[in-house]
file model.txt (compact mmCIF, C-alpha atoms)
# COMPACT_ATOMS: atom_id res chain seq x y z
CA MET X 1 -8.91 -18.56 -3.82
CA VAL X 2 -10.12 -17.83 -0.27
CA PRO X 3 -7.98 -20.37 1.63
CA GLN X 4 -4.94 -19.05 -0.22
CA VAL X 5 -5.69 -15.48 0.91
CA GLN X 6 -5.95 -16.84 4.45
CA GLU X 7 -2.55 -18.51 4.22
CA HIS X 8 -0.89 -15.34 2.96
CA LEU X 9 -2.60 -13.26 5.64
CA ASP X 10 -1.37 -15.67 8.31
CA ALA X 11 2.17 -15.43 6.99
CA LEU X 12 1.87 -11.64 7.01
CA LYS X 13 0.69 -11.67 10.63
CA GLU X 14 3.55 -13.94 11.60
CA ARG X 15 6.12 -11.58 10.04
CA LEU X 16 4.54 -8.54 11.74
CA LEU X 17 4.74 -10.37 15.09
CA VAL X 18 8.43 -11.13 14.52
CA MET X 19 9.04 -7.47 13.66
CA GLY X 20 7.04 -6.31 16.68
CA GLY X 21 9.02 -8.67 18.93
CA LEU X 22 12.29 -7.21 17.65
CA ALA X 23 11.05 -3.65 18.14
CA GLU X 24 9.94 -4.41 21.71
CA GLU X 25 13.28 -6.03 22.46
CA GLN X 26 15.12 -2.94 21.19
CA VAL X 27 13.10 -0.77 23.58
CA ARG X 28 13.86 -3.16 26.44
CA LEU X 29 17.60 -3.26 25.70
CA VAL X 30 18.05 0.47 25.25
CA THR X 31 16.32 1.13 28.58
CA ALA X 32 18.63 -1.41 30.26
CA ALA X 33 21.58 0.40 28.62
CA LEU X 34 20.43 3.65 30.23
CA VAL X 35 19.70 2.22 33.67
CA ASP X 36 22.86 0.06 33.86
CA ARG X 37 25.01 2.73 32.17
CA ASP X 38 26.07 0.19 29.55
CA ALA X 39 27.45 1.91 26.42
CA ALA X 40 28.20 -1.39 24.69
CA LEU X 41 24.55 -2.41 25.00
CA ALA X 42 23.47 0.95 23.53
CA SER X 43 25.78 0.26 20.56
CA ARG X 44 24.16 -3.15 20.12
CA VAL X 45 20.77 -1.45 19.87
CA GLN X 46 22.15 0.92 17.23
CA SER X 47 23.34 -1.93 15.03
CA GLY X 48 20.31 -4.11 15.83
CA ASP X 49 18.02 -1.89 13.75
CA GLN X 50 19.17 -3.58 10.52
CA ARG X 51 16.98 -6.65 11.05
CA ILE X 52 13.92 -4.49 11.58
CA ASN X 53 14.72 -2.55 8.40
CA GLY X 54 15.05 -5.79 6.45
CA LEU X 55 11.63 -6.94 7.66
CA HIS X 56 10.17 -3.53 6.79
CA ILE X 57 11.06 -3.99 3.12
CA GLU X 58 9.98 -7.65 3.10
CA ILE X 59 6.57 -6.96 4.65
CA ASP X 60 5.90 -4.03 2.30
CA GLN X 61 6.55 -6.31 -0.65
CA ARG X 62 4.35 -9.05 0.80
CA CYS X 63 1.46 -6.58 1.14
CA VAL X 64 1.71 -5.34 -2.46
CA LYS X 65 1.98 -8.92 -3.75
CA LEU X 66 -1.00 -10.05 -1.69
CA LEU X 67 -3.11 -7.20 -3.07
CA ALA X 68 -1.93 -7.81 -6.64
CA LEU X 69 -2.34 -11.58 -6.78
CA HIS X 70 -5.13 -12.43 -4.34
CA GLN X 71 -7.40 -9.38 -4.30
CA PRO X 72 -8.67 -9.75 -0.72
CA VAL X 73 -12.03 -8.17 0.13
CA ALA X 74 -13.83 -6.63 3.14
CA VAL X 75 -12.07 -7.23 6.48
CA ASP X 76 -9.21 -9.10 4.76
CA LEU X 77 -8.55 -6.13 2.47
CA ARG X 78 -8.64 -3.79 5.47
CA ALA X 79 -6.23 -6.16 7.25
CA VAL X 80 -3.68 -5.80 4.43
CA VAL X 81 -4.05 -2.00 4.33
CA ALA X 82 -3.62 -2.01 8.14
CA ALA X 83 -0.49 -4.16 7.73
CA VAL X 84 1.03 -1.55 5.39
CA LYS X 85 0.57 1.06 8.12
CA ILE X 86 1.58 -1.16 11.05
CA ASN X 87 4.76 -2.02 9.17
CA THR X 88 5.59 1.70 8.90
CA ASP X 89 4.85 2.23 12.58
CA LEU X 90 7.11 -0.64 13.67
CA GLU X 91 9.93 0.59 11.47
CA ARG X 92 9.67 4.00 13.16
CA VAL X 93 9.74 2.34 16.59
CA GLY X 94 13.04 0.76 15.54
CA ASP X 95 14.38 4.18 14.47
CA LEU X 96 13.26 5.73 17.75
CA ALA X 97 15.02 3.01 19.77
CA VAL X 98 18.18 3.98 17.85
CA ASN X 99 17.53 7.65 18.66
CA VAL X 100 17.22 6.72 22.35
CA ALA X 101 20.49 4.79 22.09
CA GLU X 102 22.24 7.87 20.65
CA ALA X 103 20.93 10.01 23.52
CA VAL X 104 22.03 7.31 26.01
CA GLN X 105 25.56 7.40 24.57
CA ARG X 106 25.70 11.17 25.13
CA TYR X 107 24.10 10.90 28.58
CA LEU X 108 26.73 8.39 29.73
CA HIS X 109 29.46 11.02 29.31
CA HIS X 110 28.01 12.95 32.25
CA THR X 111 27.62 12.37 35.99
CA PRO X 112 24.31 10.53 36.48
CA LEU X 113 21.35 12.70 37.46
CA ARG X 114 18.58 11.84 39.94
CA PRO X 115 16.97 8.34 39.88
CA LEU X 116 15.26 7.69 36.55
CA ASP X 117 12.00 6.13 37.75
CA HIS X 118 9.69 7.65 35.15
CA ILE X 119 11.73 6.65 32.13
CA PRO X 120 11.90 2.88 32.78
CA ARG X 121 8.19 2.99 33.62
CA MET X 122 7.44 4.70 30.29
CA ALA X 123 9.53 2.08 28.49
CA ASP X 124 7.64 -0.77 30.21
CA LEU X 125 4.29 0.72 29.28
CA ALA X 126 5.37 1.38 25.68
CA GLN X 127 6.52 -2.24 25.30
CA ARG X 128 3.25 -3.56 26.69
CA MET X 129 1.29 -1.25 24.39
CA LEU X 130 3.20 -2.53 21.37
CA ARG X 131 2.62 -6.15 22.36
CA ASP X 132 -1.08 -5.61 23.05
CA ALA X 133 -1.63 -3.64 19.84
CA LEU X 134 -0.10 -6.42 17.74
CA ASP X 135 -2.02 -9.11 19.63
CA ALA X 136 -5.17 -7.11 18.96
CA TYR X 137 -4.27 -7.07 15.25
CA VAL X 138 -3.62 -10.79 15.08
CA ARG X 139 -6.75 -11.74 17.06
CA ARG X 140 -8.84 -8.89 15.59
CA GLU X 141 -9.82 -7.90 19.11
CA VAL X 142 -11.23 -4.41 19.61
CA ALA X 143 -11.30 -4.44 23.44
CA LEU X 144 -7.57 -5.07 23.65
CA ALA X 145 -6.92 -2.28 21.13
CA GLN X 146 -9.07 0.06 23.24
CA ASN X 147 -6.86 -0.77 26.25
CA VAL X 148 -3.83 0.45 24.33
CA LEU X 149 -5.52 3.80 23.62
CA ASP X 150 -6.26 4.24 27.33
CA THR X 151 -2.67 3.53 28.41
CA ASP X 152 -1.33 6.24 26.09
CA ASP X 153 -2.59 8.97 28.46
CA ILE X 154 -0.42 7.58 31.27
CA VAL X 155 2.67 7.66 29.05
CA ASP X 156 1.92 11.26 28.02
CA ALA X 157 1.62 12.31 31.66
CA LEU X 158 4.92 10.62 32.55
CA LYS X 159 6.66 12.39 29.65
CA SER X 160 5.47 15.79 30.90
CA GLN X 161 6.56 14.89 34.42
CA VAL X 162 10.13 14.23 33.26
CA SER X 163 10.44 17.85 32.01
CA ILE X 164 8.66 19.26 35.07
CA ASP X 165 11.10 17.41 37.35
CA LEU X 166 14.23 18.37 35.42
CA VAL X 167 13.70 22.11 34.84
CA PRO X 168 14.47 23.04 38.49
CA VAL X 169 17.48 20.70 38.45
CA MET X 170 18.82 22.51 35.36
CA LYS X 171 18.15 25.93 36.90
CA GLY X 172 20.05 24.97 40.04
CA ALA X 173 23.15 23.54 38.37
CA PRO X 174 24.24 24.50 34.82
CA GLU X 175 26.35 21.33 34.45
CA THR X 176 23.12 19.29 34.56
CA ILE X 177 21.68 21.06 31.49
CA GLU X 178 23.14 18.79 28.82
CA PRO X 179 22.37 15.44 30.51
CA SER X 180 18.89 16.76 31.37
CA LEU X 181 18.26 17.62 27.72
CA ASP X 182 19.15 14.04 26.82
CA LEU X 183 16.72 12.62 29.40
CA ILE X 184 13.95 14.93 28.20
CA LEU X 185 14.66 13.78 24.66
CA ILE X 186 14.63 10.10 25.69
CA ALA X 187 11.25 10.61 27.38
CA ARG X 188 9.90 12.20 24.17
CA HIS X 189 11.19 9.33 22.04
CA LEU X 190 9.52 6.80 24.36
CA GLU X 191 6.28 8.76 24.18
CA ARG X 192 6.46 8.62 20.38
CA ILE X 193 6.98 4.86 20.57
CA ALA X 194 3.76 4.68 22.62
CA ASP X 195 2.11 6.88 19.96
CA HIS X 196 3.03 4.34 17.29
CA ALA X 197 1.43 1.59 19.40
CA THR X 198 -1.64 3.83 19.60
CA ASN X 199 -1.69 4.21 15.81
CA ILE X 200 -1.60 0.44 15.46
CA ALA X 201 -4.48 0.06 17.93
CA GLU X 202 -6.54 2.63 15.97
CA ASP X 203 -5.87 0.75 12.75
CA VAL X 204 -7.05 -2.48 14.39
CA ILE X 205 -10.33 -0.89 15.48
CA PHE X 206 -10.87 0.46 11.95
CA MET X 207 -9.99 -2.91 10.43
CA VAL X 208 -12.36 -4.92 12.62
CA SER X 209 -15.33 -2.61 12.90
CA ALA X 210 -14.77 -0.29 9.89
CA ARG X 211 -15.37 2.35 12.57
CA ASP X 212 -12.95 5.25 12.63
CA VAL X 213 -11.85 6.17 16.17
CA ARG X 214 -9.32 8.70 15.01
CA HIS X 215 -9.69 12.45 15.30
CA HIS X 216 -12.21 12.94 18.04
CA GLY X 217 -10.97 16.31 19.20
CA PRO X 218 -13.45 19.18 19.40
CA PRO X 219 -14.16 20.74 15.99
CA GLY X 220 -12.07 23.82 15.17
CA MET A 1 -11.84 -0.84 -16.37
CA VAL A 2 -8.51 0.93 -16.95
CA PRO A 3 -9.83 4.47 -17.67
CA GLN A 4 -11.95 4.22 -14.53
CA VAL A 5 -8.89 3.33 -12.42
CA GLN A 6 -7.18 6.37 -13.92
CA GLU A 7 -10.06 8.65 -12.97
CA HIS A 8 -10.06 7.41 -9.38
CA LEU A 9 -6.29 7.72 -9.17
CA ASP A 10 -6.50 11.31 -10.42
CA ALA A 11 -9.14 12.13 -7.82
CA LEU A 12 -6.91 10.56 -5.15
CA LYS A 13 -3.94 12.67 -6.28
CA GLU A 14 -6.07 15.79 -6.21
CA ARG A 15 -7.19 15.12 -2.63
CA LEU A 16 -3.61 14.42 -1.51
CA LEU A 17 -2.53 17.74 -3.07
CA VAL A 18 -5.29 19.57 -1.19
CA MET A 19 -4.20 17.89 2.05
CA GLY A 20 -0.53 18.65 1.34
CA GLY A 21 -1.41 22.31 0.66
CA LEU A 22 -3.21 22.55 4.00
CA ALA A 23 -0.30 20.91 5.84
CA GLU A 24 2.20 23.32 4.21
CA GLU A 25 0.01 26.29 5.10
CA GLN A 26 -0.12 25.16 8.75
CA VAL A 27 3.68 25.06 8.85
CA ARG A 28 3.85 28.53 7.30
CA LEU A 29 1.31 30.02 9.71
CA VAL A 30 2.79 28.52 12.86
CA THR A 31 6.23 29.86 11.93
CA ALA A 32 4.72 33.31 11.36
CA ALA A 33 3.05 33.00 14.80
CA LEU A 34 6.47 32.38 16.36
CA VAL A 35 8.33 35.12 14.48
CA ASP A 36 5.59 37.77 14.90
CA ARG A 37 4.78 36.66 18.48
CA ASP A 38 1.14 36.20 17.47
CA ALA A 39 -0.70 33.93 19.95
CA ALA A 40 -4.02 34.26 18.09
CA LEU A 41 -2.42 32.91 14.93
CA ALA A 42 -0.98 29.98 16.90
CA SER A 43 -4.52 29.24 18.15
CA ARG A 44 -5.77 29.29 14.56
CA VAL A 45 -3.20 26.64 13.67
CA GLN A 46 -4.38 24.52 16.59
CA SER A 47 -7.98 24.56 15.41
CA GLY A 48 -7.01 24.35 11.72
CA ASP A 49 -5.95 20.72 12.10
CA GLN A 50 -9.57 19.54 11.86
CA ARG A 51 -9.71 19.90 8.06
CA ILE A 52 -6.56 17.83 7.67
CA ASN A 53 -8.02 15.14 9.93
CA GLY A 54 -11.19 15.08 7.86
CA LEU A 55 -9.20 14.56 4.67
CA HIS A 56 -7.15 11.84 6.38
CA ILE A 57 -10.25 9.73 6.93
CA GLU A 58 -11.66 10.49 3.47
CA ILE A 59 -8.44 9.57 1.64
CA ASP A 60 -8.04 6.35 3.63
CA GLN A 61 -11.53 5.31 2.59
CA ARG A 62 -10.87 6.25 -1.04
CA CYS A 63 -7.79 4.02 -1.07
CA VAL A 64 -9.59 0.98 0.36
CA LYS A 65 -12.49 1.47 -2.07
CA LEU A 66 -10.17 1.86 -5.03
CA LEU A 67 -8.39 -1.39 -4.13
CA ALA A 68 -11.67 -3.22 -3.52
CA LEU A 69 -13.57 -2.13 -6.62
CA HIS A 70 -10.95 -1.47 -9.29
CA GLN A 71 -8.07 -3.80 -8.46
CA PRO A 72 -5.26 -1.66 -9.88
CA VAL A 73 -2.05 -3.42 -10.95
CA ALA A 74 1.69 -2.69 -11.25
CA VAL A 75 2.60 0.99 -10.84
CA ASP A 76 -1.06 1.94 -10.24
CA LEU A 77 -1.28 -0.53 -7.35
CA ARG A 78 1.97 0.80 -5.92
CA ALA A 79 0.54 4.33 -6.30
CA VAL A 80 -2.46 3.43 -4.11
CA VAL A 81 -0.28 1.75 -1.48
CA ALA A 82 1.95 4.85 -1.56
CA ALA A 83 -1.15 7.04 -1.11
CA VAL A 84 -2.07 5.12 2.08
CA LYS A 85 1.36 5.95 3.49
CA ILE A 86 1.52 9.54 2.21
CA ASN A 87 -1.88 10.15 3.80
CA THR A 88 -0.50 9.01 7.17
CA ASP A 89 2.59 11.19 6.75
CA LEU A 90 0.53 14.30 5.96
CA GLU A 91 -1.75 13.70 8.91
CA ARG A 92 1.34 13.56 11.18
CA VAL A 93 2.62 16.80 9.65
CA GLY A 94 -0.67 18.38 10.71
CA ASP A 95 -0.24 17.01 14.25
CA LEU A 96 3.33 18.31 14.39
CA ALA A 97 2.21 21.80 13.31
CA VAL A 98 -0.20 21.70 16.27
CA ASN A 99 2.66 20.58 18.55
CA VAL A 100 4.72 23.54 17.30
CA ALA A 101 1.74 25.84 18.00
CA GLU A 102 1.56 24.54 21.60
CA ALA A 103 5.27 25.20 22.10
CA VAL A 104 4.84 28.67 20.55
CA GLN A 105 2.08 29.46 23.04
CA ARG A 106 4.39 28.55 25.92
CA TYR A 107 7.34 30.41 24.36
CA LEU A 108 5.32 33.63 24.07
CA HIS A 109 5.00 33.79 27.86
CA HIS A 110 8.73 34.52 28.11
CA THR A 111 11.06 37.34 27.08
CA PRO A 112 12.16 36.60 23.49
CA LEU A 113 15.56 34.95 23.13
CA ARG A 114 18.18 35.65 20.44
CA PRO A 115 17.14 36.03 16.77
CA LEU A 116 15.52 32.85 15.48
CA ASP A 117 17.20 32.59 12.05
CA HIS A 118 17.58 28.80 11.95
CA ILE A 119 13.98 27.98 12.80
CA PRO A 120 12.26 29.99 10.00
CA ARG A 121 14.86 28.60 7.60
CA MET A 122 14.02 25.04 8.70
CA ALA A 123 10.32 25.78 8.25
CA ASP A 124 10.91 27.12 4.71
CA LEU A 125 12.90 24.06 3.75
CA ALA A 126 10.35 21.68 5.27
CA GLN A 127 7.53 23.35 3.33
CA ARG A 128 9.48 23.15 0.08
CA MET A 129 10.29 19.50 0.74
CA LEU A 130 6.61 18.71 1.29
CA ARG A 131 5.60 20.50 -1.91
CA ASP A 132 8.34 18.84 -3.98
CA ALA A 133 7.60 15.38 -2.56
CA LEU A 134 3.93 15.66 -3.47
CA ASP A 135 4.73 17.06 -6.93
CA ALA A 136 7.07 14.11 -7.39
CA TYR A 137 4.20 11.77 -6.43
CA VAL A 138 1.73 13.37 -8.83
CA ARG A 139 4.17 13.55 -11.75
CA ARG A 140 5.88 10.25 -10.82
CA GLU A 141 9.22 12.02 -11.04
CA VAL A 142 12.18 10.32 -9.35
CA ALA A 143 14.69 13.20 -9.78
CA LEU A 144 12.49 15.60 -7.83
CA ALA A 145 12.02 13.00 -5.07
CA GLN A 146 15.79 12.57 -4.90
CA ASN A 147 16.12 16.33 -4.37
CA VAL A 148 13.91 16.06 -1.30
CA LEU A 149 16.15 13.36 0.19
CA ASP A 150 19.20 15.59 -0.29
CA THR A 151 17.59 18.61 1.41
CA ASP A 152 16.84 16.57 4.53
CA ASP A 153 20.52 16.66 5.55
CA ILE A 154 20.44 20.47 5.66
CA VAL A 155 17.39 20.42 7.94
CA ASP A 156 19.05 17.90 10.26
CA ALA A 157 22.15 20.09 10.53
CA LEU A 158 20.05 23.17 11.33
CA LYS A 159 18.20 21.25 14.04
CA SER A 160 21.48 20.28 15.72
CA GLN A 161 22.70 23.86 15.43
CA VAL A 162 19.67 25.15 17.37
CA SER A 163 20.66 23.05 20.41
CA ILE A 164 24.35 23.86 20.04
CA ASP A 165 23.53 27.59 20.04
CA LEU A 166 21.12 27.45 22.96
CA VAL A 167 23.03 25.33 25.49
CA PRO A 168 25.51 28.16 26.37
CA VAL A 169 22.60 30.63 26.57
CA MET A 170 20.86 28.33 29.07
CA LYS A 171 24.06 27.85 31.07
CA GLY A 172 24.55 31.61 31.31
CA ALA A 173 21.04 32.56 32.40
CA PRO A 174 18.66 30.11 34.16
CA GLU A 175 15.59 32.17 33.17
CA THR A 176 16.29 31.26 29.53
CA ILE A 177 16.03 27.50 30.20
CA GLU A 178 12.28 27.13 29.67
CA PRO A 179 11.97 29.22 26.48
CA SER A 180 15.11 27.52 25.13
CA LEU A 181 13.54 24.10 25.72
CA ASP A 182 10.55 25.23 23.67
CA LEU A 183 12.76 26.40 20.78
CA ILE A 184 14.72 23.13 20.85
CA LEU A 185 11.42 21.28 20.76
CA ILE A 186 10.11 23.40 17.86
CA ALA A 187 13.30 22.68 15.90
CA ARG A 188 12.78 18.94 16.52
CA HIS A 189 9.16 19.09 15.38
CA LEU A 190 10.20 20.89 12.17
CA GLU A 191 12.87 18.29 11.56
CA ARG A 192 10.23 15.57 11.92
CA ILE A 193 8.05 17.39 9.39
CA ALA A 194 11.00 17.27 6.99
CA ASP A 195 11.36 13.54 7.81
CA HIS A 196 7.76 12.96 6.74
CA ALA A 197 8.50 14.73 3.43
CA THR A 198 11.49 12.39 3.11
CA ASN A 199 9.26 9.36 3.71
CA ILE A 200 6.95 10.56 0.95
CA ALA A 201 9.90 11.01 -1.44
CA GLU A 202 11.11 7.47 -0.65
CA ASP A 203 7.64 6.10 -1.35
CA VAL A 204 7.60 7.92 -4.71
CA ILE A 205 10.92 6.37 -5.73
CA PHE A 206 9.64 2.92 -4.76
CA MET A 207 6.37 3.49 -6.59
CA VAL A 208 7.99 4.64 -9.83
CA SER A 209 10.99 2.39 -10.05
CA ALA A 210 10.01 -0.44 -7.67
CA ARG A 211 13.48 0.28 -6.30
CA ASP A 212 13.78 0.53 -2.54
CA VAL A 213 15.98 3.44 -1.45
CA ARG A 214 15.24 2.98 2.21
CA HIS A 215 17.66 1.58 4.77
CA HIS A 216 21.07 2.10 3.25
CA GLY A 217 22.97 2.38 6.49
CA PRO A 218 25.97 0.10 7.04
CA PRO A 219 24.97 -3.45 8.08
CA GLY A 220 24.93 -4.05 11.84
call {"tool": "encode", "arguments": {"input": "model.txt", "output": "structure tokens"}}
result
Amino acid sequence: MVPQVQEHLDALKERLLVMGGLAEEQVRLVTAALVDRDAALASRVQSGDQRINGLHIEIDQRCVKLLALHQPVAVDLRAVVAAVKINTDLERVGDLAVNVAEAVQRYLHHTPLRPLDHIPRMADLAQRMLRDALDAYVRREVALAQNVLDTDDIVDALKSQVSIDLVPVMKGAPETIEPSLDLILIARHLERIADHATNIAEDVIFMVSARDVRHHGPPG
Amino acid sequence: MVPQVQEHLDALKERLLVMGGLAEEQVRLVTAALVDRDAALASRVQSGDQRINGLHIEIDQRCVKLLALHQPVAVDLRAVVAAVKINTDLERVGDLAVNVAEAVQRYLHHTPLRPLDHIPRMADLAQRMLRDALDAYVRREVALAQNVLDTDDIVDALKSQVSIDLVPVMKGAPETIEPSLDLILIARHLERIADHATNIAEDVIFMVSARDVRHHGPPG
């Protein structure tokens, strides 16, 4: 029984990596669409979500089947439960890339605003966080997962900076209000993508160490 | 074995209902804080998230234990996998209520804008969706879950209307830009709460009928 569980777990990991790779690529492409003002590329991102959705359903079914037929235990059981959650997170990343693409389409109807430094930087960090979180899952490596948690603070700070920079622009020129709203929205979507990578990293730490690193705010 | 699985499943349902009730209450309170301009109530929502976080960890552990010790099958297995996901959704609803509370705190520093009709209406709908989605889970009732999916379109339309209404206000008076941004953000957070209710409803339909209602967009 045990080697069979291992085989199915390896297949599950492989599918999650494929899905993660697609999600990362969507984030990369939609950022290029924004920076290069390429509406056709944004459209490609919008239609590209179908493959991620197909994997979402496939992986969900794999997890249920693995639990039903092979009854994994201990860290292997936690790995399957983590896979159920990671699958949900990656599917949302795909949706968010589509939301960014929609905002990019609207943004491209306006005169470009100031240079967009923070947004491509956020996208780079979010992609790296996704990659590291999935590597941490596959290799069951807590230190790498911890890295992802630390990077999330940088992304949060960049997101706030985007609004701080744009409010005076909007106040000075009403015609910048609509494109600014789209950039603020894009920054929020990217921050949520980084949040999903953070969720994955937290699940990895729980899976490996059965230690819960979630919810460490001060008590209410 | 089977009656024991049933007992544990019932306990799991009960805990999810408690968590759902807390999440709904947070949405209700934070909307009251906005409408009544009550900063103290917004603070209460911010600290009230701790109980939801505690349940999140407890329910996760229950699910893993139930899978490990009682190896449920068929619809019972799908019910536990659904509980893992519903637990995550409810925890995010709690986080989003806190995000709304933060935006409310900022909003209260400004002169109030126009009447806020759409936002309380969105909050009411989101609460009802959460309640119906959880009832559908407990009673394994597909028709009720389908209702939740239908209501989501209304919430999406209201969210768009909030931005459509506020852009001309912002263009006409620069001092309204910051409070308007907060209202737009609050509307987005409420829409995401409704999205989480939608996720729960989709999970219920999959659990009951093993039919996947997710991802029915046109192929890319």
call {"tool": "interface_residues", "arguments": {"input": "model.txt", "of": "chain X", "to": "chain A", "cutoff": "9 Å", "atoms": "only C-alpha atoms", "output": "NGL selection string"}}
result
:X and (44 or 46-51 or 53-54 or 57 or 63-64 or 67-68 or 71-74 or 77-78 or 81 or 84-85 or 88 or 167 or 170-175 or 177-178 or 181 or 212 or 214-215 or 217-220)
call {"tool": "residues_around", "arguments": {"input": "model.txt", "residues": "stretch 120-137 of chain A", "least_positions_apart": "6", "cutoff": "7 Å", "atoms": "all atoms listed in the file", "output": "PyMOL selection string"}}
result
chain A and resi 17+24+27+31+144-145+148+155+158+190+193-194+197+200-201+204
call {"tool": "atom_distance", "arguments": {"input": "model.txt", "atom1": "atom CA of A:Ile164", "atom2": "atom CA of A:Ala187"}}
result
11.9 Å
call {"tool": "residues_around", "arguments": {"input": "model.txt", "residues": "A:Val93", "least_positions_apart": "4", "cutoff": "7 Å", "atoms": "only C-alpha atoms", "output": "PyMOL selection string"}}
result
chain A and resi 23+89+97+193
call {"tool": "atom_distance", "arguments": {"input": "model.txt", "atom1": "atom CA of A:Ile205", "atom2": "atom CA of A:Val142"}}
result
5.5 Å
call {"tool": "closest_residue", "arguments": {"input": "model.txt", "among": "A:Arg37, A:His196, A:His8, A:His189", "to": "A:His110", "atoms": "only C-alpha atoms"}}
result
A:Arg37
call {"tool": "closest_residue", "arguments": {"input": "model.txt", "among": "X:Leu113, X:Ala101, X:Ile86, X:Leu166", "to": "X:Leu29", "atoms": "only C-alpha atoms"}}
result
X:Ala101
call {"tool": "atom_distance", "arguments": {"input": "model.txt", "atom1": "atom CA of A:Ala32", "atom2": "atom CA of A:Ile119"}}
result
10.8 Å
call {"tool": "closest_residue", "arguments": {"input": "model.txt", "among": "A:Glu7, A:Glu191, A:Glu58, A:Glu202", "to": "A:Glu91", "atoms": "all atoms listed in the file"}}
result
A:Glu58
